[in-house]
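File shown here: upload_36.cif, holding mmCIF, C-alpha atoms.
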data_run
loop_
_atom_site.label_atom_id
_atom_site.label_comp_id
_atom_site.auth_asym_id
_atom_site.auth_seq_id
_atom_site.Cartn_x
_atom_site.Cartn_y
_atom_site.Cartn_z
CA MET A 1 75.30 -172.38 42.08
CA LYS A 2 78.89 -171.37 41.51
CA ALA A 3 77.76 -167.91 40.49
CA LEU A 4 75.66 -167.63 43.66
CA GLY A 5 78.72 -168.57 45.71
CA VAL A 6 80.76 -165.86 44.04
CA VAL A 7 78.01 -163.30 44.69
CA LEU A 8 77.79 -164.31 48.36
CA LEU A 9 81.57 -164.11 48.71
CA LEU A 10 81.61 -160.64 47.16
CA PHE A 11 78.78 -159.57 49.46
CA LEU A 12 80.65 -160.84 52.53
CA LEU A 13 83.84 -159.16 51.42
CA SER A 14 82.09 -155.88 50.75
CA SER A 15 80.35 -156.06 54.15
CA CYS A 16 83.65 -156.64 55.89
CA MET A 17 85.22 -153.78 54.00
CA LEU A 18 82.91 -151.29 55.72
CA ASN A 19 84.43 -152.28 59.06
CA GLU A 20 87.98 -152.86 57.92
CA SER A 21 90.36 -150.03 58.75
CA VAL A 22 92.13 -148.46 55.79
CA TYR A 23 94.90 -145.95 56.44
CA LEU A 24 96.34 -143.05 54.48
CA PRO A 25 98.62 -144.39 51.74
CA GLU A 26 102.00 -142.89 50.97
CA LEU A 27 102.04 -141.37 47.50
CA LYS A 28 104.81 -140.25 45.16
CA PRO A 29 105.20 -136.79 43.58
CA PHE A 30 103.59 -136.29 40.19
CA SER A 31 105.70 -135.24 37.28
CA SER A 32 103.23 -133.40 35.00
CA ALA A 33 101.07 -131.60 37.50
CA GLU A 34 99.58 -129.07 35.17
CA LYS A 35 97.07 -131.43 33.57
CA VAL A 36 95.86 -132.90 36.86
CA GLY A 37 95.31 -129.46 38.34
CA ILE A 38 92.62 -128.80 35.75
CA THR A 39 90.53 -131.88 36.42
CA CYS A 40 90.77 -132.43 40.18
CA GLU A 41 87.95 -130.10 41.19
CA ASN A 42 85.75 -130.53 38.14
CA ALA A 43 83.03 -132.42 39.99
CA PHE A 44 82.49 -129.56 42.46
CA VAL A 45 80.19 -126.68 41.62
CA GLN A 46 81.30 -123.10 42.13
CA GLU A 47 78.06 -121.36 41.14
CA PRO A 48 74.62 -121.37 42.82
CA TRP A 49 72.61 -124.54 42.02
CA GLN A 50 69.57 -126.42 43.24
CA PHE A 51 69.92 -130.21 43.07
CA VAL A 52 67.40 -132.97 43.70
CA HIS A 53 68.72 -136.50 44.23
CA SER A 54 67.21 -139.86 45.04
CA ILE A 55 69.14 -141.28 47.98
CA HIS A 56 69.00 -144.93 48.90
CA PHE A 57 70.35 -145.41 52.44
CA GLU A 58 72.00 -148.75 53.07
CA MET A 59 73.01 -149.37 56.67
CA VAL A 60 75.77 -151.81 57.59
CA LYS A 61 73.51 -153.66 60.00
CA GLY A 62 70.02 -153.57 58.58
CA HIS A 63 67.70 -152.53 55.80
CA GLY A 64 67.87 -149.34 53.88
CA THR A 65 65.28 -146.94 52.61
CA THR A 66 64.92 -144.36 49.84
CA VAL A 67 64.46 -140.63 50.38
CA VAL A 68 64.68 -137.54 48.18
CA GLY A 69 67.43 -135.05 48.98
CA VAL A 70 67.34 -131.37 48.01
CA THR A 71 70.52 -129.30 48.10
CA VAL A 72 70.64 -125.57 47.43
CA LEU A 73 74.14 -124.15 47.22
CA ASP A 74 75.70 -120.78 46.77
CA GLU A 75 79.11 -119.35 47.58
CA GLU A 76 78.32 -118.94 51.28
CA THR A 77 75.44 -121.23 52.21
CA ILE A 78 74.38 -124.87 52.03
CA LYS A 79 70.67 -125.62 52.42
CA VAL A 80 69.52 -129.21 52.68
CA ALA A 81 66.18 -131.02 52.92
CA LEU A 82 65.40 -134.72 53.10
CA MET A 83 61.91 -135.80 52.07
CA GLY A 84 60.03 -139.02 51.76
CA VAL A 85 59.44 -140.01 48.14
CA GLU A 86 55.94 -138.50 48.52
CA GLY A 87 57.42 -135.15 49.50
CA PHE A 88 56.86 -135.17 53.25
CA ILE A 89 59.69 -133.24 54.95
CA LEU A 90 61.85 -135.32 57.29
CA PHE A 91 64.76 -132.97 57.78
CA GLU A 92 65.54 -129.40 56.78
CA ALA A 93 68.61 -127.35 57.68
CA GLU A 94 70.97 -124.70 56.43
CA GLN A 95 74.51 -123.66 57.23
CA LEU A 96 76.70 -120.72 56.46
CA LEU A 97 79.98 -122.37 55.48
CA GLY A 98 82.18 -122.69 58.54
CA LYS A 99 79.36 -121.61 60.89
CA ASP A 100 76.79 -123.43 63.06
CA ILE A 101 74.02 -125.50 61.49
CA HIS A 102 70.49 -124.14 61.75
CA VAL A 103 68.05 -127.06 61.81
CA ARG A 104 64.56 -125.96 60.76
CA ARG A 105 62.89 -129.34 61.06
CA ALA A 106 63.99 -132.82 62.11
CA LEU A 107 61.58 -135.71 62.56
CA PRO A 108 62.71 -138.96 64.22
CA PRO A 109 65.09 -140.62 63.53
CA PHE A 110 66.67 -137.59 61.84
CA ASP A 111 66.59 -135.63 65.11
CA LYS A 112 69.34 -137.74 66.66
CA SER A 113 72.42 -136.02 67.98
CA GLY A 114 75.11 -135.71 65.36
CA PHE A 115 72.85 -136.43 62.37
CA ALA A 116 72.75 -132.84 61.13
CA ALA A 117 76.52 -132.44 61.38
CA GLY A 118 77.09 -135.78 59.64
CA LEU A 119 74.68 -134.89 56.84
CA MET A 120 76.26 -131.49 56.27
CA ARG A 121 79.66 -133.15 56.20
CA ASP A 122 78.44 -135.56 53.52
CA VAL A 123 76.96 -132.72 51.51
CA GLN A 124 80.22 -130.80 51.67
CA THR A 125 82.11 -133.91 50.54
CA LEU A 126 79.85 -134.06 47.51
CA PHE A 127 79.69 -130.42 46.51
CA VAL A 128 82.31 -128.23 48.18
CA PRO A 129 85.95 -128.37 47.09
CA PRO A 130 88.30 -129.16 49.97
CA LYS A 131 90.31 -126.35 51.49
CA GLY A 132 93.88 -126.44 52.71
CA SER A 133 97.17 -126.99 50.99
CA LYS A 134 97.18 -129.08 47.82
CA GLN A 135 99.76 -131.58 46.59
CA LEU A 136 99.79 -133.35 43.22
CA LEU A 137 100.85 -136.98 43.64
CA VAL A 138 100.57 -140.44 42.06
CA GLU A 139 99.44 -143.75 43.52
CA GLY A 140 100.84 -147.22 42.82
CA SER A 141 102.94 -148.59 40.03
CA ASN A 142 100.39 -147.42 37.45
CA GLU A 143 101.00 -143.88 38.69
CA ILE A 144 97.33 -142.94 39.07
CA PRO A 145 97.20 -139.17 39.62
CA VAL A 146 95.89 -137.94 42.99
CA CYS A 147 95.25 -134.45 44.36
CA ARG A 148 95.91 -134.49 48.11
CA TYR A 149 94.47 -131.71 50.31
CA LEU A 150 95.66 -131.21 53.89
CA GLU A 151 93.47 -129.28 56.31
CA GLU A 152 93.71 -129.33 60.10
CA GLY A 153 94.87 -132.94 60.18
CA GLN A 154 92.22 -134.19 57.75
CA VAL A 155 93.41 -135.47 54.40
CA THR A 156 91.30 -135.54 51.24
CA ASP A 157 92.55 -137.50 48.23
CA ILE A 158 90.84 -136.77 44.93
CA PHE A 159 91.34 -139.15 42.03
CA PRO A 160 90.58 -137.01 38.95
CA GLU A 161 88.04 -138.20 36.43
CA GLN A 162 89.23 -141.00 34.19
CA ASP A 163 86.85 -142.84 31.83
CA SER A 164 83.86 -141.16 33.57
CA TRP A 165 85.01 -142.49 36.96
CA TYR A 166 85.92 -140.19 39.81
CA LYS A 167 86.78 -140.89 43.44
CA ILE A 168 87.37 -139.04 46.72
CA ASN A 169 88.84 -140.58 49.87
CA ILE A 170 88.74 -138.70 53.17
CA TYR A 171 91.02 -139.62 56.08
CA GLY A 172 90.58 -138.41 59.66
CA ILE A 173 93.15 -137.00 62.04
CA ASP A 174 94.10 -140.59 62.95
CA LYS A 175 94.86 -141.15 59.23
CA GLU A 176 92.07 -143.73 59.00
CA LEU A 177 89.79 -143.70 55.95
CA SER A 178 86.41 -142.29 57.04
CA ARG A 179 84.53 -141.60 53.79
CA THR A 180 84.72 -142.60 50.16
CA LEU A 181 82.83 -141.02 47.27
CA ILE A 182 82.76 -142.77 43.91
CA VAL A 183 81.11 -141.09 40.92
CA GLU A 184 80.09 -143.66 38.31
CA GLU A 185 78.28 -141.50 35.76
CA PHE A 186 78.24 -137.83 34.78
CA VAL A 187 75.63 -135.78 32.96
CA GLU A 188 75.79 -132.42 31.19
CA VAL A 189 73.30 -129.84 32.51
CA ASP A 190 73.20 -126.21 31.40
CA GLY A 191 76.75 -126.42 30.09
CA ARG A 192 78.09 -127.99 33.30
CA ARG A 193 79.31 -131.56 33.75
CA LEU A 194 77.69 -132.90 36.95
CA PRO A 195 77.89 -136.22 38.84
CA GLU A 196 74.74 -138.17 38.00
CA VAL A 197 75.16 -141.59 39.65
CA PHE A 198 77.42 -141.94 42.65
CA GLN A 199 77.80 -143.54 46.04
CA LEU A 200 79.15 -142.24 49.30
CA THR A 201 80.39 -144.73 51.89
CA ALA A 202 80.89 -143.81 55.55
CA LEU A 203 83.10 -146.39 57.19
CA GLY A 204 83.07 -147.77 60.73
CA ASN A 205 80.67 -149.67 62.96
CA LEU A 206 77.88 -147.15 62.34
CA GLY A 207 78.74 -146.95 58.68
CA TYR A 208 76.36 -146.59 55.79
CA VAL A 209 76.29 -146.32 52.04
CA LEU A 210 74.33 -143.64 50.18
CA HIS A 211 73.45 -144.61 46.60
CA MET A 212 72.57 -141.34 44.93
CA LYS A 213 71.13 -140.40 41.56
CA LEU A 214 70.64 -136.89 40.24
CA LEU A 215 66.95 -136.26 39.47
CA SER A 216 67.17 -132.58 38.58
CA ALA A 217 69.70 -129.76 38.57
CA GLU A 218 68.86 -126.07 38.12
CA ARG A 219 71.29 -123.21 38.01
CA ILE A 220 70.10 -120.39 40.26
CA GLN A 221 70.40 -116.82 39.07
CA MET B 222 55.69 -140.90 58.73
CA LYS B 223 57.26 -140.09 55.43
CA VAL B 224 54.34 -141.50 53.53
CA PHE B 225 51.73 -139.85 55.64
CA CYS B 226 50.85 -137.22 53.09
CA SER B 227 49.67 -140.03 50.84
CA LEU B 228 47.05 -140.94 53.38
CA LEU B 229 45.84 -137.41 53.51
CA PHE B 230 45.03 -137.56 49.86
CA LEU B 231 42.74 -140.46 50.48
CA LEU B 232 41.27 -138.51 53.31
CA PHE B 233 39.97 -135.74 51.07
CA PHE B 234 37.82 -138.08 49.04
CA SER B 235 36.23 -139.39 52.18
CA PHE B 236 35.57 -135.96 53.54
CA SER B 237 34.28 -134.56 50.32
CA ALA B 238 31.85 -137.39 49.80
CA ALA B 239 30.49 -136.92 53.25
CA TYR B 240 30.29 -133.15 53.21
CA ALA B 241 28.71 -132.73 49.81
CA LYS B 242 25.04 -131.77 49.88
CA SER B 243 24.16 -134.76 47.69
CA PRO B 244 26.96 -137.19 48.41
CA VAL B 245 27.76 -139.81 45.83
CA HIS B 246 28.55 -143.27 47.13
CA VAL B 247 32.24 -143.76 46.41
CA GLU B 248 33.01 -147.24 45.14
CA SER B 249 36.17 -146.30 43.26
CA VAL B 250 38.14 -143.18 42.30
CA GLN B 251 40.92 -142.58 39.77
CA ALA B 252 42.72 -139.29 39.17
CA ASP B 253 45.96 -137.82 37.86
CA PHE B 254 47.76 -135.34 40.06
CA THR B 255 50.49 -132.71 39.97
CA GLN B 256 52.26 -132.03 43.23
CA GLU B 257 54.00 -128.77 44.05
CA LYS B 258 56.39 -128.64 46.99
CA ASN B 259 57.40 -125.34 48.58
CA LEU B 260 59.99 -124.91 51.31
CA PRO B 261 61.78 -121.83 52.66
CA ILE B 262 65.15 -123.22 51.53
CA LEU B 263 64.10 -123.84 47.92
CA ALA B 264 65.14 -121.47 45.19
CA ARG B 265 62.38 -122.98 43.05
CA PRO B 266 59.43 -125.24 43.93
CA LEU B 267 59.63 -128.97 43.20
CA PHE B 268 57.04 -130.64 40.98
CA SER B 269 55.97 -134.27 40.83
CA THR B 270 53.35 -136.06 38.77
CA GLY B 271 51.44 -139.24 39.39
CA ARG B 272 48.16 -141.12 39.50
CA PHE B 273 45.87 -142.21 42.29
CA LEU B 274 43.50 -145.21 42.37
CA PHE B 275 41.11 -146.08 45.19
CA GLN B 276 38.71 -148.99 45.49
CA ALA B 277 36.33 -149.26 48.45
CA PRO B 278 36.60 -150.41 51.10
CA ASP B 279 40.37 -150.23 51.58
CA SER B 280 42.46 -150.66 48.42
CA LEU B 281 44.76 -147.90 47.27
CA ARG B 282 47.38 -147.28 44.60
CA TRP B 283 49.34 -144.05 44.91
CA GLU B 284 51.91 -143.77 42.13
CA TYR B 285 54.52 -141.17 41.21
CA PHE B 286 55.73 -141.13 37.62
CA SER B 287 58.31 -138.37 38.05
CA PRO B 288 60.82 -137.32 39.16
CA LEU B 289 61.30 -140.53 41.20
CA PRO B 290 59.01 -143.40 40.14
CA SER B 291 57.47 -145.06 43.18
CA VAL B 292 54.28 -146.88 44.12
CA LEU B 293 52.45 -147.14 47.42
CA LEU B 294 50.00 -150.03 47.47
CA MET B 295 47.33 -150.85 50.02
CA ASP B 296 45.30 -154.00 49.55
CA HIS B 297 42.78 -154.98 52.23
CA GLY B 298 44.66 -152.94 54.79
CA GLN B 299 48.15 -154.25 53.99
CA VAL B 300 50.54 -151.50 52.90
CA ARG B 301 53.60 -152.00 50.69
CA LYS B 302 55.85 -149.49 49.05
CA PHE B 303 58.09 -149.81 46.00
CA VAL B 304 60.71 -147.47 44.56
CA LYS B 305 62.20 -147.83 41.10
CA ASN B 306 65.96 -148.34 41.11
CA ASN B 307 67.81 -149.27 37.93
CA ASP B 308 64.51 -149.79 36.07
CA LEU B 309 63.22 -152.27 38.65
CA PHE B 310 60.72 -151.68 41.45
CA THR B 311 62.26 -152.64 44.79
CA GLU B 312 60.16 -153.02 47.92
CA GLU B 313 61.00 -150.61 50.72
CA GLN B 314 61.26 -151.93 54.26
CA GLY B 315 60.65 -150.22 57.60
CA MET B 316 60.01 -146.54 58.35
CA GLY B 317 56.49 -145.41 58.97
CA LEU B 318 54.35 -148.11 57.45
CA ASP B 319 52.77 -149.22 60.73
CA ALA B 320 51.60 -145.71 61.60
CA MET B 321 50.25 -145.30 58.11
CA GLN B 322 48.15 -148.45 58.34
CA VAL B 323 46.45 -147.17 61.47
CA VAL B 324 45.51 -143.88 59.83
CA LEU B 325 44.36 -145.54 56.62
CA GLN B 326 42.00 -147.81 58.51
CA GLU B 327 40.53 -144.77 60.19
CA ILE B 328 40.07 -142.91 56.91
CA THR B 329 38.63 -145.73 54.86
CA GLY B 330 36.05 -146.35 57.56
CA TRP B 331 34.47 -142.99 56.71
CA LEU B 332 33.46 -143.86 53.17
CA ASP B 333 30.16 -145.45 54.06
CA GLY B 334 29.52 -143.65 57.28
CA GLU B 335 28.67 -140.22 58.56
CA ILE B 336 31.74 -138.05 58.83
CA THR B 337 32.55 -136.20 61.99
CA ASP B 338 35.84 -135.18 63.54
CA THR B 339 38.28 -138.05 63.79
CA ALA B 340 40.77 -139.06 66.42
CA THR B 341 43.42 -137.11 64.53
CA PHE B 342 41.69 -134.08 62.95
CA LEU B 343 39.04 -131.50 63.59
CA ALA B 344 37.10 -130.85 60.37
CA GLU B 345 35.60 -127.47 59.59
CA ARG B 346 33.70 -126.49 56.46
CA ARG B 347 34.71 -122.91 55.66
CA ASP B 348 32.54 -122.41 52.58
CA GLU B 349 30.87 -124.36 49.77
CA LYS B 350 34.16 -125.62 48.42
CA THR B 351 36.61 -125.50 51.30
CA ILE B 352 37.19 -127.90 54.20
CA VAL B 353 40.00 -127.28 56.69
CA LEU B 354 41.41 -130.09 58.81
CA THR B 355 43.31 -129.19 61.96
CA PRO B 356 45.25 -131.70 64.08
CA LYS B 357 43.84 -132.24 67.54
CA LYS B 358 47.13 -133.05 69.23
CA PRO B 359 49.80 -130.34 69.56
CA ALA B 360 52.54 -132.89 68.90
CA PHE B 361 50.97 -133.76 65.56
CA ALA B 362 50.42 -130.09 64.76
CA LYS B 363 54.19 -129.66 64.78
CA ILE B 364 54.33 -132.05 61.82
CA ILE B 365 51.20 -130.92 59.93
CA SER B 366 49.68 -127.61 60.96
CA ARG B 367 46.58 -127.88 58.74
CA ILE B 368 45.17 -129.37 55.56
CA VAL B 369 42.99 -127.43 53.15
CA LEU B 370 40.69 -129.39 50.85
CA ILE B 371 39.01 -127.81 47.84
CA VAL B 372 35.97 -129.68 46.53
CA VAL B 373 35.14 -129.65 42.80
CA ASP B 374 31.40 -129.88 43.19
CA GLU B 375 28.85 -132.16 44.78
CA SER B 376 30.22 -135.24 43.04
CA GLY B 377 32.51 -136.06 45.90
CA LEU B 378 35.70 -135.32 43.94
CA MET B 379 38.40 -132.86 44.92
CA GLU B 380 40.10 -130.08 43.05
CA SER B 381 43.14 -129.79 45.29
CA VAL B 382 44.57 -130.58 48.68
CA THR B 383 47.19 -128.44 50.41
CA ILE B 384 49.16 -129.82 53.34
CA HIS B 385 50.78 -127.14 55.46
CA GLU B 386 53.83 -128.48 57.28
CA GLY B 387 55.05 -125.21 58.78
CA GLU B 388 55.73 -121.60 57.95
CA ASN B 389 56.15 -121.28 54.17
CA SER B 390 56.28 -125.08 53.86
CA PHE B 391 53.43 -126.70 52.03
CA THR B 392 52.59 -129.40 49.52
CA ARG B 393 49.79 -128.72 47.05
CA MET B 394 48.28 -131.48 44.96
CA VAL B 395 46.00 -130.56 42.07
CA PHE B 396 43.86 -133.31 40.56
CA THR B 397 42.74 -133.78 36.98
CA ASN B 398 41.01 -136.43 34.89
CA SER B 399 39.07 -137.73 37.88
CA VAL B 400 36.86 -140.76 37.28
CA LEU B 401 34.35 -142.03 39.81
CA ASN B 402 32.99 -145.56 40.26
CA THR B 403 34.53 -147.51 37.40
CA THR B 404 35.98 -151.01 37.65
CA ILE B 405 39.68 -151.16 38.53
CA PRO B 406 41.52 -154.50 38.07
CA ALA B 407 42.48 -155.98 41.45
CA ALA B 408 46.08 -156.43 40.33
CA ARG B 409 46.52 -152.64 40.29
CA PHE B 410 46.46 -152.76 44.10
CA THR B 411 48.86 -155.67 44.51
CA THR B 412 51.64 -155.28 41.94
CA PRO B 413 53.83 -152.28 41.15
#

Do you think you could lay out the structure here as structure tokens?
Amino acid sequence: MKALGVVLLLFLLSSCMLNESVYLPELKPFSSAEKVGITCENAFVQEPWQFVHSIHFEMVKGHGTTVVGVTVLDEETIKVALMGVEGFILFEAEQLLGKDIHVRRALPPFDKSGFAAGLMRDVQTLFVPPKGSKQLLVEGSNEIPVCRYLEEGQVTDIFPEQDSWYKINIYGIDKELSRTLIVEEFVEVDGRRLPEVFQLTALGNLGYVLHMKLLSAERIQ
Amino acid sequence: MKVFCSLLFLLFFSFSAAYAKSPVHVESVQADFTQEKNLPILARPLFSTGRFLFQAPDSLRWEYFSPLPSVLLMDHGQVRKFVKNNDLFTEEQGMGLDAMQVVLQEITGWLDGEITDTATFLAERRDEKTIVLTPKKPAFAKIISRIVLIVVDESGLMESVTIHEGENSFTRMVFTNSVLNTTIPAARFTTP
């Protein structure tokens, strides 16, 4: 019974956290920047790849569902498809980086305004290294290293991999935390270390959590 | 809607049994399948494997072994879906199950009856082995433009089914190890 109470408390706390505003923390300069610079962008891919992930959607207010996500990346383009687990296409789009999104197919509810832009934003969070100026900083008394990227008012904090754990926080122009990516497990594929199990949390009243697992990764020639 | 292609698989058995010159009464069907998915955005096609079980009049087990283990179960018209997360099957809620039940009821009704066009599809036999299904409603045709069924022989079994979703987008399922009219334990249609 006590254990159940603890679980319920944790659930309530985690539910509240999705709606609780978190703001950009002040960080201190890092003393030995060289080492951090090597690991900050390790989780991003620079070469063309095709990834397939299972994605379990978990909405703040309601049930979730599982879909299969396909991402095809190269230096200039992101192509994305969402499918039911049986392979039926729900959403398909592609985007030249920095250009408009071309939606090929979008079945309800994936045809709603803003969905395509939100999805592409999530995909870029996962796979594309942030642009803008970069600072090497530390957080807290334990001096956890952080790479901070500043771009047009948006701030991206990357916590480099430590003990197979990796985290990205993204803050909006209002300095409020909008997205968090936590990588829990990595896997080696074709000589490349890739995130295997991770979750992306979008905060706010319409927030959601994506629990993702890498099903396949192929380097494209 | 996302599970609709599963229903179409069931559909081909019904059609094939009805269209064969000497149709075999279908009491049960089991088959392995390999599924190939092609999309314009893909650098390489995606492949899945699984197994299909059907028991007349309306029990179905549609299971994927890889890459994402999942099971769709229909028992006496009730549809449930499970996806494996962290080595445990978890039941999925919402999205598309109601629409699927309606179509399944329509399809399973064909097994013992004479097959004609349905409320959803026009059926056309192109040759000895090929049946093409075309959606009647333009709105549905935007989702599935046509389905091509290839019959093995007169046994009522299928060689493949190809679901065309749009230009250069299709899903092809090829069936092997098909077994007709053997006893399938009832639990296979109720538990993942």

>> Would you compute the distance between CA of Met59 (chain A) and CA of Gly207 (chain A)? Give it in Å to one decimal.
In response: 6.5 Å

Per residue of chain A within 7 Å of chain B, which atom pair is closest and at what distance in Å (one decimal), using all atoms listed in the file, listed by chain and increasing number, as CSV?
residue,atom,partner,partner_atom,distance
A:Gln50,CA,B:Ala264,CA,6.9
A:His63,CA,B:Gln314,CA,6.6
A:Thr65,CA,B:Glu313,CA,5.9
A:Val72,CA,B:Leu263,CA,6.8
A:Lys79,CA,B:Ile262,CA,6.1
A:Gly84,CA,B:Lys223,CA,4.7
A:Glu86,CA,B:Val224,CA,6.1
A:Phe88,CA,B:Lys223,CA,5.4
A:Leu90,CA,B:Lys223,CA,6.9
A:Leu215,CA,B:Pro288,CA,6.2

>> To test your reading of the syntax: which residues would the PyMOL selection byres ((chain A and resi 167) around 8) return for the file shown? Reply as number ranges by chain.
In response: A: 158-161, 165-166, 168-169, 180-183

> So how many Å separate CA of Val197 (chain A) and CA of His211 (chain A), to one decimal?
Replying inline: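 Interatomic distance, CA of Val197 (chain A) to CA of His211 (chain A): 7.8 Å.
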
> Residues at most 10 Å from Gly153 (chain A), counting all atoms listed in the file, excluding those fewer than 6 positions away in the same chain, as a ChimeraX atom specification?
Replying inline: /A:132,171-175

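If only C-alpha atoms are the atoms counted, then among A:Leu24, A:Glu41, A:Val187, A:Glu75 the closest residue to Leu150 (chain A) is A:Leu24.
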
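Of note, CA of Lys213 (chain A) and CA of Glu196 (chain A) are spaced 5.5 Å apart.
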
>> Would you pick out the contacts of region 107-122 of chain A at 8 Å or less, using all atoms listed in the file, so that residues sharing its chain but fewer than 5 positions from it are not included, and give the list as a PyMOL selection string?
In response: chain A and resi 80+90-91+93+101+200

> Contacts of Thr255 (chain B) at 9 Å or less, counting only C-alpha atoms, minus same-chain residues fewer than 3 places along, as a list in words?
Replying inline: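 Within the cut-off, the hits are Phe268, Ser269, Thr270, Gly271, Arg272, Arg393, Met394, Val395, Phe396 and Thr397 of chain B.
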
>> Tell me which residues come within 12 Å of (45.5, -131.4, 65.9), as a ChimeraX atom specification, counting only C-alpha atoms in the file's coordinates.
In response: /B:338-344,353-368

So that I have them on file, write out the residues from the current selection with C-alpha atoms, as a tab-separated table (two decimals), in the coordinates of the input.
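Final output, selection.tsv:
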chain	number	residue	atom	x	y	z
B	338	ASP	CA	35.84	-135.18	63.54
B	339	THR	CA	38.28	-138.05	63.79
B	340	ALA	CA	40.77	-139.06	66.42
B	341	THR	CA	43.42	-137.11	64.53
B	342	PHE	CA	41.69	-134.08	62.95
B	343	LEU	CA	39.04	-131.50	63.59
B	344	ALA	CA	37.10	-130.85	60.37
B	353	VAL	CA	40.00	-127.28	56.69
B	354	LEU	CA	41.41	-130.09	58.81
B	355	THR	CA	43.31	-129.19	61.96
B	356	PRO	CA	45.25	-131.70	64.08
B	357	LYS	CA	43.84	-132.24	67.54
B	358	LYS	CA	47.13	-133.05	69.23
B	359	PRO	CA	49.80	-130.34	69.56
B	360	ALA	CA	52.54	-132.89	68.90
B	361	PHE	CA	50.97	-133.76	65.56
B	362	ALA	CA	50.42	-130.09	64.76
B	363	LYS	CA	54.19	-129.66	64.78
B	364	ILE	CA	54.33	-132.05	61.82
B	365	ILE	CA	51.20	-130.92	59.93
B	366	SER	CA	49.68	-127.61	60.96
B	367	ARG	CA	46.58	-127.88	58.74
B	368	ILE	CA	45.17	-129.37	55.56

Need to verify the contact set: region 140-143 of chain A, 9 Å, all atoms listed in the file, exclusion of same-chain residues closer than 3 positions in sequence. Can you return it as a PDB file with C-alpha atoms, in the frame of the given file?
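Output saved as result36.pdb:
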ATOM      1  CA  LEU A  27     102.040-141.370  47.500  1.00  0.00           C
ATOM      2  CA  LYS A  28     104.810-140.250  45.160  1.00  0.00           C
ATOM      3  CA  PHE A  30     103.590-136.290  40.190  1.00  0.00           C
ATOM      4  CA  LEU A 137     100.850-136.980  43.640  1.00  0.00           C
ATOM      5  CA  VAL A 146      95.890-137.940  42.990  1.00  0.00           C
TER       6      VAL A 146
END

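For the set B:Thr411, B:Asn389, B:Gln276, B:Thr351, the residue with the smallest atom-to-atom gap to Arg104 (chain A) is B:Asn389, counting all atoms listed in the file.
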
>> Restricting the calculation to only C-alpha atoms: of B:Ser280, B:Glu248, B:Phe286, B:Lys302, which residue gets closest to Pro413 (chain B)?
In response: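 The answer is B:Lys302, which sits nearest to Pro413 (chain B).
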
> Between B:Glu345, B:Asp253, B:Asp279, B:Asp308, which one has atoms that come closest to Val369 (chain B), using all atoms listed in the file?
Replying inline: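 Answer, going by the shortest atom-to-atom distance: B:Glu345.
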